[in-house]
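Source file: model.cif (mmCIF, C-alpha atoms and all ligand atoms)
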data_work
loop_
_atom_site.label_atom_id
_atom_site.label_comp_id
_atom_site.auth_asym_id
_atom_site.auth_seq_id
_atom_site.Cartn_x
_atom_site.Cartn_y
_atom_site.Cartn_z
CA MET A 12 10.66 -22.41 -1.24
CA LYS A 13 9.60 -18.81 -1.98
CA LYS A 14 12.33 -16.19 -1.77
CA ILE A 15 11.38 -12.89 -0.12
CA LEU A 16 13.69 -9.89 -0.17
CA ILE A 17 13.17 -6.86 2.05
CA ILE A 18 15.18 -3.71 1.29
CA GLY A 19 15.60 -1.55 4.39
CA ALA A 20 15.57 -2.51 8.07
CA GLY A 21 13.70 0.52 9.36
CA PHE A 22 10.27 0.54 11.01
CA ALA A 23 8.55 -0.86 7.91
CA GLY A 24 11.18 -3.48 7.03
CA LEU A 25 11.42 -4.87 10.58
CA SER A 26 7.66 -4.98 10.90
CA ALA A 27 7.41 -6.92 7.61
CA ALA A 28 10.24 -9.27 8.62
CA GLY A 29 8.54 -10.02 11.95
CA ARG A 30 5.25 -10.93 10.27
CA LEU A 31 6.82 -13.01 7.47
CA SER A 32 9.02 -14.97 9.88
CA LYS A 33 5.90 -16.23 11.65
CA SER A 34 4.08 -17.35 8.49
CA GLY A 35 4.90 -21.03 8.92
CA LEU A 36 5.35 -21.31 5.13
CA GLY A 37 9.08 -22.07 5.22
CA LEU A 38 9.95 -18.87 3.35
CA GLU A 39 13.53 -17.86 2.55
CA ILE A 40 13.57 -14.31 3.91
CA THR A 41 16.51 -11.95 3.40
CA LEU A 42 16.73 -8.46 4.85
CA LEU A 43 19.14 -6.03 3.15
CA ASP A 44 20.31 -2.81 4.75
CA ARG A 45 23.32 -0.61 4.14
CA LYS A 46 23.68 -0.04 7.88
CA ARG A 47 24.52 -2.33 10.76
CA ALA A 48 21.98 -0.87 13.16
CA PHE A 49 18.34 0.15 13.11
CA ASN A 50 17.96 3.80 14.20
CA PHE A 51 14.97 5.07 16.18
CA LEU A 52 14.63 8.36 14.31
CA PRO A 53 11.96 10.29 16.32
CA LEU A 54 14.37 10.82 19.21
CA ILE A 55 17.42 11.76 17.14
CA PRO A 56 17.03 15.54 17.73
CA ASP A 57 16.71 14.90 21.48
CA CYS A 58 20.28 13.57 21.57
CA ILE A 59 21.33 17.22 21.19
CA GLY A 60 19.24 19.01 23.82
CA ARG A 61 17.97 16.30 26.14
CA ARG A 62 21.24 14.38 25.99
CA ILE A 63 19.60 11.09 25.09
CA ASN A 64 22.40 8.61 24.63
CA PRO A 65 22.40 7.72 20.90
CA GLU A 66 23.22 4.13 21.84
CA PHE A 67 19.68 3.76 23.18
CA LEU A 68 18.34 4.61 19.71
CA CYS A 69 20.18 1.73 18.01
CA ASN A 70 19.40 -1.97 17.60
CA ASP A 71 21.73 -4.45 15.96
CA ILE A 72 19.95 -5.68 12.80
CA ALA A 73 21.92 -8.95 12.61
CA ALA A 74 20.85 -9.87 16.17
CA PHE A 75 17.22 -9.01 15.34
CA CYS A 76 17.39 -11.27 12.26
CA ARG A 77 19.00 -14.14 14.19
CA LYS A 78 16.06 -14.10 16.60
CA LEU A 79 13.63 -14.38 13.69
CA SER A 80 15.81 -16.99 11.91
CA ILE A 81 16.06 -14.86 8.78
CA LYS A 82 19.11 -13.81 6.78
CA PHE A 83 20.66 -10.33 7.05
CA ILE A 84 23.00 -8.88 4.44
CA GLN A 85 24.63 -5.54 5.21
CA LYS A 86 24.93 -4.01 1.75
CA GLU A 87 23.61 -1.00 -0.10
CA VAL A 88 21.14 -1.80 -2.86
CA ASN A 89 22.24 -0.13 -6.12
CA SER A 90 19.50 -1.21 -8.48
CA VAL A 91 16.34 -3.25 -8.84
CA ASP A 92 15.30 -5.02 -12.04
CA LEU A 93 11.56 -5.43 -11.63
CA ALA A 94 11.12 -7.47 -14.83
CA ALA A 95 13.90 -9.94 -13.99
CA LYS A 96 12.94 -9.91 -10.27
CA GLN A 97 16.50 -9.19 -9.30
CA VAL A 98 18.14 -6.85 -6.79
CA GLN A 99 21.74 -5.70 -7.17
CA ALA A 100 23.60 -4.97 -3.91
CA GLY A 101 27.29 -4.21 -4.36
CA SER A 102 28.67 -6.86 -6.71
CA THR A 103 26.06 -9.47 -5.79
CA SER A 104 22.64 -9.97 -7.33
CA HIS A 105 19.74 -11.51 -5.48
CA ASN A 106 16.69 -13.08 -7.10
CA TYR A 107 13.31 -12.87 -5.46
CA ASP A 108 9.76 -14.15 -5.76
CA TYR A 109 8.47 -11.24 -3.69
CA LEU A 110 10.13 -7.94 -2.88
CA ILE A 111 9.32 -5.36 -0.20
CA ILE A 112 10.90 -1.95 -0.78
CA SER A 113 11.10 -0.19 2.59
CA SER A 114 14.25 1.87 2.21
CA GLY A 115 12.78 4.98 3.86
CA SER A 116 13.98 8.44 2.95
CA GLN A 117 17.27 10.33 3.05
CA PRO A 118 18.31 14.00 3.15
CA ASN A 119 17.65 15.94 -0.02
CA PHE A 120 20.44 18.40 -0.83
CA PHE A 121 18.45 19.66 -3.85
CA SER A 122 21.65 19.53 -5.99
CA ASN A 123 23.11 22.33 -3.87
CA PRO A 124 26.89 21.69 -3.74
CA ASP A 125 27.38 24.02 -0.74
CA ALA A 126 24.74 22.20 1.25
CA ARG A 127 26.32 18.85 0.43
CA ALA A 128 29.79 20.08 1.36
CA TYR A 129 29.02 22.16 4.45
CA GLY A 130 25.48 21.35 5.63
CA PHE A 131 24.89 18.91 8.47
CA PRO A 132 21.88 16.66 7.81
CA LEU A 133 19.95 15.18 10.74
CA ASN A 134 18.70 11.83 9.59
CA ASN A 135 20.43 9.19 11.69
CA VAL A 136 22.57 8.57 14.76
CA GLU A 137 25.84 9.29 12.93
CA ASP A 138 24.47 12.66 11.77
CA VAL A 139 23.52 13.74 15.29
CA GLN A 140 26.88 12.63 16.66
CA ARG A 141 28.62 14.74 13.98
CA ILE A 142 26.50 17.77 14.94
CA ILE A 143 27.24 17.37 18.66
CA SER A 144 31.02 17.01 18.02
CA CYS A 145 30.96 20.03 15.75
CA LEU A 146 29.22 22.14 18.42
CA GLN A 147 31.66 20.94 21.08
CA GLU A 148 34.75 21.58 18.99
CA ASN A 149 33.87 24.97 17.48
CA ASN A 150 32.88 28.23 19.03
CA TYR A 151 30.20 29.20 16.51
CA GLU A 152 28.19 32.35 16.99
CA ASN A 153 25.21 31.35 14.82
CA VAL A 154 23.42 28.12 14.04
CA ILE A 155 21.51 28.35 10.77
CA ILE A 156 18.84 25.73 10.24
CA CYS A 157 17.68 25.36 6.66
CA GLY A 158 14.07 24.11 6.68
CA ALA A 159 11.34 25.00 9.17
CA GLY A 160 9.33 21.79 8.98
CA TYR A 161 8.85 19.26 11.81
CA THR A 162 12.52 18.28 11.97
CA GLY A 163 13.78 21.86 11.67
CA VAL A 164 11.59 23.07 14.55
CA GLU A 165 12.58 20.08 16.69
CA ALA A 166 16.25 20.62 15.92
CA ALA A 167 16.06 24.36 16.64
CA THR A 168 14.48 23.92 20.06
CA ASN A 169 16.94 21.16 20.96
CA LEU A 170 19.84 23.42 20.03
CA TRP A 171 18.30 26.11 22.24
CA LEU A 172 18.19 23.60 25.12
CA TYR A 173 21.75 22.48 24.40
CA PHE A 174 23.06 26.06 24.63
CA LYS A 175 20.92 26.76 27.70
CA LYS A 176 22.35 23.70 29.50
CA ASN A 177 25.87 24.76 28.51
CA LYS A 178 25.10 28.30 29.72
CA VAL A 179 26.13 29.97 26.46
CA SER A 180 24.22 32.38 24.31
CA LYS A 181 24.11 31.75 20.54
CA ASN A 182 21.86 32.87 17.71
CA ILE A 183 19.57 30.22 16.25
CA ILE A 184 18.13 31.21 12.89
CA MET A 185 15.72 29.14 10.82
CA VAL A 186 15.63 29.73 7.08
CA GLU A 187 12.46 28.71 5.27
CA ARG A 188 11.67 29.04 1.55
CA ALA A 189 7.86 28.99 2.18
CA PRO A 190 5.86 31.93 3.58
CA SER A 191 5.56 30.23 6.98
CA ALA A 192 7.14 27.59 9.19
CA LEU A 193 5.41 24.18 9.46
CA GLY A 194 3.77 24.66 6.03
CA PRO A 195 0.69 22.40 5.78
CA LEU A 196 -0.26 22.34 9.48
CA PRO A 197 -3.43 23.95 10.91
CA ALA A 198 -3.19 27.70 11.57
CA TRP A 199 -3.46 27.39 15.39
CA MET A 200 -0.47 25.02 15.47
CA LYS A 201 1.62 27.29 13.29
CA ASP A 202 0.71 30.27 15.51
CA TYR A 203 1.48 28.33 18.68
CA ALA A 204 4.82 27.06 17.39
CA GLY A 205 5.71 30.50 15.98
CA ARG A 206 5.02 32.22 19.31
CA ASN A 207 6.95 29.55 21.16
CA LEU A 208 10.01 29.85 18.90
CA LYS A 209 9.93 33.63 19.29
CA SER A 210 9.63 33.37 23.09
CA ILE A 211 12.92 31.46 23.29
CA GLY A 212 14.68 33.78 20.86
CA ILE A 213 14.71 31.60 17.74
CA GLU A 214 14.44 33.74 14.61
CA VAL A 215 12.50 32.39 11.62
CA LEU A 216 13.29 33.91 8.22
CA THR A 217 10.47 32.97 5.84
CA ASN A 218 10.43 33.42 2.05
CA THR A 219 14.21 33.06 2.33
CA VAL A 220 16.72 30.62 0.84
CA ILE A 221 20.37 29.78 1.43
CA GLU A 222 22.34 31.45 -1.36
CA LYS A 223 25.81 30.32 -0.42
CA ALA A 224 27.51 28.44 2.37
CA GLY A 225 31.11 27.84 3.36
CA PRO A 226 32.85 26.07 6.24
CA ASP A 227 31.78 28.79 8.70
CA LYS A 228 29.76 31.29 6.70
CA VAL A 229 26.18 31.33 5.39
CA LEU A 230 24.66 33.84 2.99
CA VAL A 231 20.87 33.98 2.67
CA SER A 232 18.67 35.64 0.06
CA GLY A 233 18.18 39.34 0.76
CA GLY A 234 21.92 39.71 1.35
CA ARG A 235 22.17 38.82 5.05
CA GLU A 236 25.43 37.07 5.82
CA PHE A 237 26.10 35.04 8.94
CA VAL A 238 29.73 34.58 9.90
CA ARG A 239 31.06 32.03 12.41
CA SER A 240 28.06 29.88 11.53
CA VAL A 241 27.22 26.23 11.26
CA LEU A 242 24.55 25.06 8.82
CA ILE A 243 22.06 22.33 9.77
CA TRP A 244 20.38 21.02 6.60
CA VAL A 245 16.80 19.75 7.05
CA PRO A 246 14.66 21.25 4.24
CA GLY A 247 13.31 17.91 3.02
CA VAL A 248 13.93 14.31 2.08
CA LYS A 249 13.89 12.07 -0.97
CA THR A 250 13.90 8.33 -1.54
CA ALA A 251 16.98 6.15 -2.19
CA GLU A 252 19.03 6.47 -5.40
CA PHE A 253 18.00 3.06 -6.74
CA ILE A 254 14.35 4.19 -6.62
CA GLN A 255 15.19 7.42 -8.47
CA LYS A 256 16.51 5.21 -11.32
CA LEU A 257 13.30 3.17 -11.67
CA ASP A 258 10.92 4.23 -14.41
CA ILE A 259 7.73 3.89 -12.36
CA PRO A 260 5.06 6.32 -11.06
CA LYS A 261 6.46 8.45 -8.20
CA ASN A 262 5.60 11.67 -6.40
CA PRO A 263 8.07 14.63 -6.51
CA GLN A 264 9.99 13.26 -3.47
CA GLY A 265 10.45 10.00 -5.36
CA ARG A 266 7.98 8.06 -3.22
CA ILE A 267 6.58 5.09 -5.15
CA VAL A 268 2.88 5.27 -5.97
CA VAL A 269 1.27 2.10 -4.61
CA ASP A 270 -2.21 0.66 -5.01
CA GLU A 271 -4.65 -0.01 -2.18
CA TYR A 272 -2.83 -3.29 -1.39
CA LEU A 273 0.54 -1.47 -1.19
CA ARG A 274 1.70 -3.05 -4.47
CA LEU A 275 3.86 -1.60 -7.17
CA ASN A 276 3.26 -4.77 -9.22
CA GLN A 277 2.24 -8.40 -8.57
CA SER A 278 5.51 -9.29 -6.86
CA CYS A 279 6.70 -5.97 -5.43
CA PHE A 280 5.24 -4.22 -2.39
CA CYS A 281 6.34 -0.92 -0.84
CA ALA A 282 6.00 0.28 2.75
CA GLY A 283 6.89 3.23 4.94
CA ASP A 284 8.38 6.50 3.67
CA THR A 285 9.09 4.83 0.32
CA ALA A 286 5.40 4.24 -0.39
CA PHE A 287 3.17 7.02 -1.65
CA PHE A 288 -0.28 5.94 -0.55
CA SER A 289 -3.31 8.12 -0.99
CA SER A 290 -6.98 7.58 -0.43
CA LYS A 291 -9.89 10.01 -0.69
CA ASN A 292 -7.54 12.60 -2.26
CA THR A 293 -5.29 12.72 0.81
CA SER A 294 -1.82 11.26 0.85
CA LEU A 295 -0.23 9.84 3.97
CA ARG A 296 2.62 11.75 5.59
CA MET A 297 5.89 10.04 6.49
CA ALA A 298 5.42 8.69 10.01
CA VAL A 299 6.37 5.76 12.17
CA GLN A 300 2.81 4.57 12.74
CA PHE A 301 2.17 4.20 8.99
CA ALA A 302 5.57 2.59 8.33
CA ILE A 303 4.86 -0.12 10.93
CA THR A 304 1.33 -0.91 9.75
CA GLN A 305 2.31 -0.82 6.07
CA GLY A 306 5.26 -3.16 6.63
CA ASP A 307 2.93 -5.54 8.41
CA LEU A 308 0.25 -5.38 5.72
CA ALA A 309 2.74 -5.80 2.85
CA ALA A 310 3.96 -8.98 4.58
CA GLN A 311 0.39 -10.21 5.19
CA ASN A 312 -0.43 -9.69 1.52
CA ILE A 313 2.61 -11.66 0.39
CA ILE A 314 1.51 -14.53 2.65
CA ARG A 315 -2.04 -14.26 1.28
CA ASN A 316 -0.76 -14.25 -2.29
CA ILE A 317 1.23 -17.42 -1.69
CA LYS A 318 -1.83 -19.05 -0.12
CA ASN A 319 -4.04 -17.87 -3.03
CA MET A 320 -6.17 -15.81 -0.67
CA PRO A 321 -7.63 -12.39 -1.54
CA LEU A 322 -5.35 -9.48 -0.61
CA LYS A 323 -6.21 -7.03 2.20
CA LYS A 324 -6.64 -3.32 1.47
CA TYR A 325 -4.54 -0.88 3.47
CA ARG A 326 -6.80 1.15 5.74
CA PRO A 327 -4.62 3.59 7.68
CA LEU A 328 -5.61 4.53 11.20
CA ASP A 329 -4.19 7.98 11.90
CA LEU A 330 -3.57 8.37 15.64
CA GLY A 331 -2.29 11.91 15.12
CA TYR A 332 1.01 13.71 15.39
CA ILE A 333 2.97 15.99 17.70
CA ILE A 334 5.47 18.74 16.89
CA PRO A 335 7.89 18.17 19.74
CA MET A 336 9.61 21.30 21.05
CA ALA A 337 12.40 20.92 23.58
CA ASN A 338 11.19 23.66 25.93
CA ASN A 339 8.21 21.32 26.55
CA CYS A 340 5.80 23.56 24.67
CA SER A 341 4.95 20.93 22.04
CA CYS A 342 1.72 20.93 20.04
CA GLY A 343 -0.25 18.55 17.89
CA GLN A 344 -3.40 16.58 17.33
CA VAL A 345 -3.99 13.21 18.95
CA MET A 346 -7.06 11.14 18.08
CA GLY A 347 -8.69 14.25 16.65
CA LEU A 348 -8.04 16.40 19.74
CA ASN A 349 -5.77 19.44 19.79
CA VAL A 350 -3.05 19.13 22.43
CA SER A 351 -0.29 21.48 23.48
CA GLY A 352 2.33 22.17 26.17
CA TRP A 353 3.51 19.54 28.62
CA LEU A 354 0.72 17.12 27.74
CA ALA A 355 1.80 17.09 24.08
CA THR A 356 5.43 16.60 25.13
CA LEU A 357 4.54 13.67 27.39
CA LEU A 358 2.36 12.05 24.72
CA HIS A 359 5.22 12.27 22.23
CA PHE A 360 7.70 10.67 24.59
CA SER A 361 5.20 7.98 25.62
CA MET A 362 4.88 7.08 21.93
CA CYS A 363 8.67 7.01 21.59
CA ILE A 364 9.18 4.76 24.61
CA PHE A 365 6.38 2.46 23.47
CA ARG A 366 7.71 2.19 19.90
CA SER A 367 11.41 1.82 20.69
CA ILE A 368 12.83 -1.70 20.52
CA GLY A 369 14.11 -3.71 23.51
CA TRP A 370 13.80 -3.15 27.24
CA ILE A 371 17.41 -1.91 27.63
CA ASN A 372 16.77 0.91 25.15
CA ARG A 373 13.36 1.69 26.66
CA ALA A 374 14.82 1.87 30.16
CA GLY A 375 17.76 4.00 28.97
CA ILE A 376 15.54 6.44 27.07
CA THR A 377 13.15 6.71 30.03
CA ARG A 378 16.03 7.42 32.42
CA ASN A 379 17.55 10.07 30.12
CA LEU A 380 14.17 11.70 29.54
CA ILE A 381 13.21 11.83 33.23
CA LYS A 382 16.56 13.47 33.98
CA SER A 383 16.03 16.01 31.23
CA LEU A 384 12.33 16.73 31.89
CA PHE A 385 12.42 17.17 35.64
C1 LIG B 1 14.85 13.52 12.81
C2 LIG B 1 13.57 12.80 12.52
C3 LIG B 1 12.52 12.88 13.43
C4 LIG B 1 11.33 12.21 13.19
N1 LIG B 1 10.33 12.29 14.11
C5 LIG B 1 9.18 11.58 13.92
C6 LIG B 1 8.16 11.57 14.92
O1 LIG B 1 8.26 12.22 15.96
N2 LIG B 1 7.05 10.81 14.67
C7 LIG B 1 6.90 10.07 13.52
O2 LIG B 1 5.90 9.40 13.35
N3 LIG B 1 7.86 10.09 12.57
C8 LIG B 1 8.99 10.81 12.73
N4 LIG B 1 9.96 10.81 11.77
C9 LIG B 1 9.70 10.09 10.50
C10 LIG B 1 9.89 8.58 10.70
O3 LIG B 1 11.12 8.36 11.37
C11 LIG B 1 9.86 7.88 9.36
O4 LIG B 1 8.59 8.11 8.78
C12 LIG B 1 10.10 6.38 9.54
O5 LIG B 1 11.40 6.15 10.02
C13 LIG B 1 9.91 5.65 8.22
O6 LIG B 1 10.21 4.31 8.39
P1 LIG B 1 10.78 3.46 7.16
O7 LIG B 1 10.86 2.06 7.64
O8 LIG B 1 10.02 3.77 5.94
O9 LIG B 1 12.24 4.07 6.90
P2 LIG B 1 13.51 4.18 7.85
O10 LIG B 1 13.13 4.03 9.26
O11 LIG B 1 14.19 5.42 7.41
O12 LIG B 1 14.40 2.93 7.42
C14 LIG B 1 14.90 2.78 6.12
C15 LIG B 1 16.08 1.81 6.14
O13 LIG B 1 16.47 1.57 4.80
C16 LIG B 1 17.88 1.56 4.70
N5 LIG B 1 18.26 1.91 3.33
C17 LIG B 1 18.04 3.07 2.68
N6 LIG B 1 18.51 3.01 1.44
C18 LIG B 1 19.06 1.78 1.28
C19 LIG B 1 19.72 1.12 0.21
N7 LIG B 1 19.91 1.70 -0.98
N8 LIG B 1 20.17 -0.13 0.42
C20 LIG B 1 19.99 -0.76 1.60
N9 LIG B 1 19.38 -0.17 2.65
C21 LIG B 1 18.91 1.07 2.49
C22 LIG B 1 18.32 2.59 5.74
O14 LIG B 1 19.65 2.35 6.15
C23 LIG B 1 17.30 2.37 6.85
O15 LIG B 1 17.76 1.44 7.80
C24 LIG B 1 11.17 11.46 11.98
C25 LIG B 1 12.22 11.37 11.07
C26 LIG B 1 13.41 12.04 11.34
C27 LIG B 1 14.55 11.92 10.35
#
Translate this structure into C-alpha cells?
Ligand SMILES: Cc1cc2nc3c(=O)[nH]c(=O)nc-3n(C[C@H](O)[C@H](O)[C@H](O)COP(=O)(O)OP(=O)(O)OC[C@H]3O[C@@H](n4cnc5c(N)ncnc54)[C@H](O)[C@@H]3O)c2cc1C
Amino acid sequence: MKKILIIGAGFAGLSAAGRLSKSGLGLEITLLDRKRAFNFLPLIPDCIGRRINPEFLCNDIAAFCRKLSIKFIQKEVNSVDLAAKQVQAGSTSHNYDYLIISSGSQPNFFSNPDARAYGFPLNNVEDVQRIISCLQENNYENVIICGAGYTGVEAATNLWLYFKKNKVSKNIIMVERAPSALGPLPAWMKDYAGRNLKSIGIEVLTNTVIEKAGPDKVLVSGGREFVRSVLIWVPGVKTAEFIQKLDIPKNPQGRIVVDEYLRLNQSCFCAGDTAFFSSKNTSLRMAVQFAITQGDLAAQNIIRNIKNMPLKKYRPLDLGYIIPMANNCSCGQVMGLNVSGWLATLLHFSMCIFRSIGWINRAGITRNLIKSLF
C-alpha cells in the first residue's frame, strides 16, 4: 500500500486529499496540519469591516478527513528529509512514498524585532480576532498599516468601514517601501485604488519604511512619529520554516521551484503558495484558484505515477483577480475584462461564496454580506 503524505490542509492540500481519496488504489493518505481548522483566507479582512463571523470561515479538518476516510494528524512539520523520504512532525517521523508540500505562506517579519513584537499580522482567523479585540479594547488614534499590497489595501478599507460603523474618526495610514501602492498591477488599477483610498481619507506614504515600533508608537522613515498607534503588519509573506531549511531551488519568498508537472523530485510534489510555477517567463501569483487546481493536479500525477501513466502538465487557467475595497469601490480584471465598483465587489464575493466549504458557512457568509452590503 503506497503511503501519501500531504503537508498543509489549505486550499491546495484539501483539493489534493479529495482527489487522492477517490483514486480507488487503496492508498494510505495522511494529512498533516499544525492547525485544527481550515481557514478561508480571502474573507479574513471582511471580519473587521463587514462583520463576517470568523466561525463561517473555518472548517474542522478532522471532520473533513473522516468524510474522505483519510488520516489527519494535527502537528507542525519541522523538517523534511527528501533523500530518506521522511517527514518530522514534533517528535514523530513519518515515511512516505509520495509527498505533497502545500503548507502555504505565512507573515514575513523580515527579521524586524519590533514588527514581531508589536505588529499584528493578518493571515488567519486568530490574527483577525486579535486585531478586532485590540481595536475594541484600546482607544488608538492612528492605525498604521505596513504594506500597501492587496492585503494592505483590503485591510485599510475594512478598518475604514469598521470605524465608520462605530461612528468614530481615526487616522488610517499605509506605509509602503515601494514608489506606489499595489506594485505590479496595471496603471489604471493603481490610479483607481489610489483615488478611492484618498476619497475615504486613507493616507498612503510611499517610499517609506517603519523605522521603529513600540506598544503604541510607530516611527517611520523621514522622522514622522505616530503616537497612540496600532501597527498592522502585511508587507509580505514567506514559506514555512521547514522549507527555508531545505537546500533546493527557491524564489526569494522561499517558494519551491517546481517543474511543469509540479514536481520537486520524483516523489515530491508542491502545490499552492508553496509552489513557484512559471511558464512563458511569467510566474503565477499566490491565489486560491491556482492552489485548488495545483493540489488537484499534484494528486492526479501521483495517481498516474503509481499506474505507470504519463504525467499531466500543469496548464493554469487564470480567471483574473479583484482588489476588494470595503467601500464597494473594488477593481480588477476578470476573464481579461477590466471591472470596477460594485460589479467588482459582487464578483469577488460570488467567488468567495462559491469557493467556501459547506452550506452552513456559505449561508452564514451570504447572510453577513447581504446585511453589510445593503
Ligand atoms: C488576508 C488574505 C486575503 C486573501 N485574499 C485572496 C483573494 O481575495 N483571492 C485569492 O485568490 N487569494 C487570496 N489570498 C491568497 C490565498 O488565500 C492563498 O493563495 C491560498 O490560501 C493558498 O492556498 P494554500 O493551500 O497554498 O495555502 P493555505 O491556504 O495558506 O494553507 C496552508 C496550510 O498549511 C498549514 N501549515 C503551514 N505550515 C505548516 C507546517 N510547518 N506544518 C503543518 N502545517 C503547516 C497551515 O496551517 C495551513 O492550514 C489571500 C490571502 C490572505 C492572507
Task: 6 Å shell around ligand LIG 1 (chain B) using all atoms listed in the file, listed as number ranges by chain - done: A: 18-24, 43-46, 49, 52-53, 55-56, 86-89, 113-116, 133-134, 162, 251, 283-285, 297-300, 302
Emit the selected residues as a PDB file, in the frame of the given file, including C-alpha atoms.
ATOM      1  CA  ILE A  18      15.180  -3.710   1.290  1.00  0.00           C
ATOM      2  CA  GLY A  19      15.600  -1.550   4.390  1.00  0.00           C
ATOM      3  CA  ALA A  20      15.570  -2.510   8.070  1.00  0.00           C
ATOM      4  CA  GLY A  21      13.700   0.520   9.360  1.00  0.00           C
ATOM      5  CA  PHE A  22      10.270   0.540  11.010  1.00  0.00           C
ATOM      6  CA  ALA A  23       8.550  -0.860   7.910  1.00  0.00           C
ATOM      7  CA  GLY A  24      11.180  -3.480   7.030  1.00  0.00           C
ATOM      8  CA  LEU A  43      19.140  -6.030   3.150  1.00  0.00           C
ATOM      9  CA  ASP A  44      20.310  -2.810   4.750  1.00  0.00           C
ATOM     10  CA  ARG A  45      23.320  -0.610   4.140  1.00  0.00           C
ATOM     11  CA  LYS A  46      23.680  -0.040   7.880  1.00  0.00           C
ATOM     12  CA  PHE A  49      18.340   0.150  13.110  1.00  0.00           C
ATOM     13  CA  LEU A  52      14.630   8.360  14.310  1.00  0.00           C
ATOM     14  CA  PRO A  53      11.960  10.290  16.320  1.00  0.00           C
ATOM     15  CA  ILE A  55      17.420  11.760  17.140  1.00  0.00           C
ATOM     16  CA  PRO A  56      17.030  15.540  17.730  1.00  0.00           C
ATOM     17  CA  LYS A  86      24.930  -4.010   1.750  1.00  0.00           C
ATOM     18  CA  GLU A  87      23.610  -1.000  -0.100  1.00  0.00           C
ATOM     19  CA  VAL A  88      21.140  -1.800  -2.860  1.00  0.00           C
ATOM     20  CA  ASN A  89      22.240  -0.130  -6.120  1.00  0.00           C
ATOM     21  CA  SER A 113      11.100  -0.190   2.590  1.00  0.00           C
ATOM     22  CA  SER A 114      14.250   1.870   2.210  1.00  0.00           C
ATOM     23  CA  GLY A 115      12.780   4.980   3.860  1.00  0.00           C
ATOM     24  CA  SER A 116      13.980   8.440   2.950  1.00  0.00           C
ATOM     25  CA  LEU A 133      19.950  15.180  10.740  1.00  0.00           C
ATOM     26  CA  ASN A 134      18.700  11.830   9.590  1.00  0.00           C
ATOM     27  CA  THR A 162      12.520  18.280  11.970  1.00  0.00           C
ATOM     28  CA  ALA A 251      16.980   6.150  -2.190  1.00  0.00           C
ATOM     29  CA  GLY A 283       6.890   3.230   4.940  1.00  0.00           C
ATOM     30  CA  ASP A 284       8.380   6.500   3.670  1.00  0.00           C
ATOM     31  CA  THR A 285       9.090   4.830   0.320  1.00  0.00           C
ATOM     32  CA  MET A 297       5.890  10.040   6.490  1.00  0.00           C
ATOM     33  CA  ALA A 298       5.420   8.690  10.010  1.00  0.00           C
ATOM     34  CA  VAL A 299       6.370   5.760  12.170  1.00  0.00           C
ATOM     35  CA  GLN A 300       2.810   4.570  12.740  1.00  0.00           C
ATOM     36  CA  ALA A 302       5.570   2.590   8.330  1.00  0.00           C
TER      37      ALA A 302
END
Pull the closest atom pair for each residue of region 74-128 of chain A that gets at most 10 Å from region 32-38 of chain A, along with the distance in Å to one decimal, counting only C-alpha atoms, ordering rows by chain and then ascending residue number, as JSON lines.
{"residue": "A:Cys76", "atom": "CA", "partner": "A:Ser32", "partner_atom": "CA", "distance": 9.5}
{"residue": "A:Lys78", "atom": "CA", "partner": "A:Ser32", "partner_atom": "CA", "distance": 9.8}
{"residue": "A:Leu79", "atom": "CA", "partner": "A:Ser32", "partner_atom": "CA", "distance": 6.0}
{"residue": "A:Ser80", "atom": "CA", "partner": "A:Ser32", "partner_atom": "CA", "distance": 7.4}
{"residue": "A:Ile81", "atom": "CA", "partner": "A:Ser32", "partner_atom": "CA", "distance": 7.1}
Task: Shortest interatomic distance to Phe360 (chain A) - which of A:Arg274, A:Arg373, A:Lys201, A:Lys209, counting all atoms listed in the file - done: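 Checking each candidate against Phe360 (chain A), we get A:Arg373 as the closest.
Interatomic distance, CA of Asp202 (chain A) to CA of Val154 (chain A): 22.9 Å.
Nearest to Ala192 (chain A) of all the residues A:Ile72, A:Leu348, A:Ile334, A:Leu328 is A:Ile334, based on all atoms listed in the file.
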- [ ] Compile the contact shell of Asn149 (chain A) as a PyMOL selection string: residues with an atom at most 10 Å away, counting all atoms listed in the file, same-chain residues fewer than 3 positions apart removed.
- [x] chain A and resi 144-146+152+227+239-241
Task: Using all atoms listed in the file: which of A:Arg266, A:Ala189, A:Tyr332, A:Trp244 has the shortest distance to Phe120 (chain A) - done: A:Trp244
Task: Selected residue, from A:Val91, A:Ile368, A:Ile333, A:Leu54, that lies nearest to Leu25 (chain A) when counting all atoms listed in the file - done: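 Comparing A:Val91, A:Ile368, A:Ile333, A:Leu54 against Leu25 (chain A), the winner is A:Ile368.
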Task: Distance in Å - CA of Phe51 (chain A) versus CA of Leu68 (chain A) - done: 4.9 Å
